[in-house]
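Visitor: Got a structure here, written out as structure tokens. Questions coming.
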Amino acid sequence: MQLIKYGHACVRLETDDRVLVIDPGIFSQAEALDGVDEVLVTHEHPDHLDIAKLVAAGQRNSAFRVYLPSAAIESAPELGGTAVAVEAGQRFTAAGFAVDVVGGAHAEIYDGLPGCANVGFIVDGTVYHPGDALFVPPSPVETLLVPAAAPWLKLSEALDFVRAVRPKRAFPIHDATLNKLGQEYFDGWLDFKGNTEYTRIPDGKPMSIR
């Protein structure tokens with residue numbers, strides 16, 4: 001399987017002729033959706049859900065589908081029939097990949113906010129994208145996409161999350177707000193104390209994960 005990061009929280013998974021994209025938001029490159037039939041979206045915030053990009057993809061492809069929480073569908077009526085509701089505890093197939101839905105709630109920023117739904121996706125039992133949450137799944141995963149920078153996140157929490165999940169490897173996501181120095185700072189700590197194989201994937205560069 002190849003994993004390609006397309007900015008911030010957006011990743012594209014490719015194996016054989018199967019392609020699946022997760023969280024194409026406003027900070028991600030539009031080419032992430034090239035040739036894609038099915039997309040997973042963890043929650044409704046625009047850095048994970050770029051409605052304009054998804055509507056355009058749906059107009060180009062009648063088979064295009066977006067899987068996301070029902071609350072996110074309500075916030076994006078423009079998606080129309082391309083939207084498919086999912087919830088925690090569900091298992092389904094997207095683009096030929098087995099997808100398990102976990103979690104359910106966005107991490108709190110302050111005073112209960114934002115208080116919206118957020119699901120994580122485990123793809124083929126091996127790649128875990130948590131969205132905006134630090135939910136530890138009940139089953140082990142080999143590859144963890146770990147959030148690096150957010151108003152709801154501290155460095156120590158990211159480290160604790162990686163240690164709790166105990167993946168074989170971890171790659172950073174959710175890092176568009178970090179400059180080069182901030183990325184190096186985060187990477188240094190994750191490499192030092194994450195207790196896993198940790199690597200930063202340059203945007204647009206495929207990484208083989210098995």
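Just remember, in the structure tokens the first chain shown is A, the second B, etc., residues are 1-based per chain, and ligands are 1-based in the order shown.
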Using backbone DSSP assignments, extract all helix (DSSP H, G or I) residues from segment 41-176 of chain A; output them as a ChimeraX atom specification.
Guide: /A:51-60,70-75,77-82,155-165
Visitor: Applying 9 Å and only C-alpha atoms, which residues near segment 175-178 of chain A remain after dropping the ones on its own chain fewer than 5 positions away? List them as a PDB file with N, CA and C atoms, in the first residue's frame.
Guide:
```pdb
ATOM      1  N   GLY A   7      -1.242  17.563   2.089  1.00  0.00           N
ATOM      2  CA  GLY A   7      -1.434  18.780   2.861  1.00  0.00           C
ATOM      3  C   GLY A   7      -2.338  18.591   4.058  1.00  0.00           C
ATOM      4  N   HIS A   8      -1.894  19.097   5.190  1.00  0.00           N
ATOM      5  CA  HIS A   8      -2.644  19.116   6.446  1.00  0.00           C
ATOM      6  C   HIS A   8      -3.106  17.720   6.848  1.00  0.00           C
ATOM      7  N   ALA A   9      -4.414  17.441   6.796  1.00  0.00           N
ATOM      8  CA  ALA A   9      -4.935  16.152   7.277  1.00  0.00           C
ATOM      9  C   ALA A   9      -5.334  15.219   6.144  1.00  0.00           C
ATOM     10  N   PHE A  27      -6.981  23.099   3.097  1.00  0.00           N
ATOM     11  CA  PHE A  27      -5.521  23.231   3.078  1.00  0.00           C
ATOM     12  C   PHE A  27      -4.851  22.125   2.255  1.00  0.00           C
ATOM     13  N   PRO A 147      -2.099  13.595  14.788  1.00  0.00           N
ATOM     14  CA  PRO A 147      -2.210  15.056  14.690  1.00  0.00           C
ATOM     15  C   PRO A 147      -1.030  15.740  15.363  1.00  0.00           C
ATOM     16  N   ALA A 148      -0.516  16.789  14.700  1.00  0.00           N
ATOM     17  CA  ALA A 148       0.682  17.461  15.200  1.00  0.00           C
ATOM     18  C   ALA A 148       0.403  18.837  15.794  1.00  0.00           C
ATOM     19  N   ALA A 149      -0.627  19.536  15.307  1.00  0.00           N
ATOM     20  CA  ALA A 149      -0.879  20.896  15.775  1.00  0.00           C
ATOM     21  C   ALA A 149      -2.355  21.218  15.673  1.00  0.00           C
ATOM     22  N   ALA A 150      -2.952  21.669  16.775  1.00  0.00           N
ATOM     23  CA  ALA A 150      -4.369  22.021  16.798  1.00  0.00           C
ATOM     24  C   ALA A 150      -4.666  22.787  18.077  1.00  0.00           C
ATOM     25  N   GLN A 183       7.582  22.100  12.807  1.00  0.00           N
ATOM     26  CA  GLN A 183       7.579  20.707  12.371  1.00  0.00           C
ATOM     27  C   GLN A 183       8.790  19.965  12.922  1.00  0.00           C
TER      28      GLN A 183
END
```
Visitor: Which residues, written as a list in words, have at least one atom at most 8 Å from Val101 of chain A, with only C-alpha atoms counted and residues fewer than 4 positions away on the same chain left out?
Guide: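 Contacts, with the query itself left out: Val86, Glu87, Ala88, Gly89, Gln90, Arg91, Val119, Gly120, Phe121 and Ile122 of chain A.
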Visitor: Quick one, how far is atom CA of Gly194 of chain A from atom CA of Gly125 of chain A?
Guide: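 Between these atoms lies a distance of 21.2 Å.
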Visitor: Between atom CA of Pro167 of chain A and atom CA of Ala95 of chain A, what is the distance in Å, rounded to a tenth?
Guide: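 Interatomic distance here is 24.1 Å.
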Visitor: Quick one: residues within 10 Å of segment 55-65 of chain A, only C-alpha atoms, excluding same-chain residues fewer than 2 positions away - as a PyMOL selection string?
Guide: chain A and resi 30+33-40+50-53+67-68+76+78-84+94-95
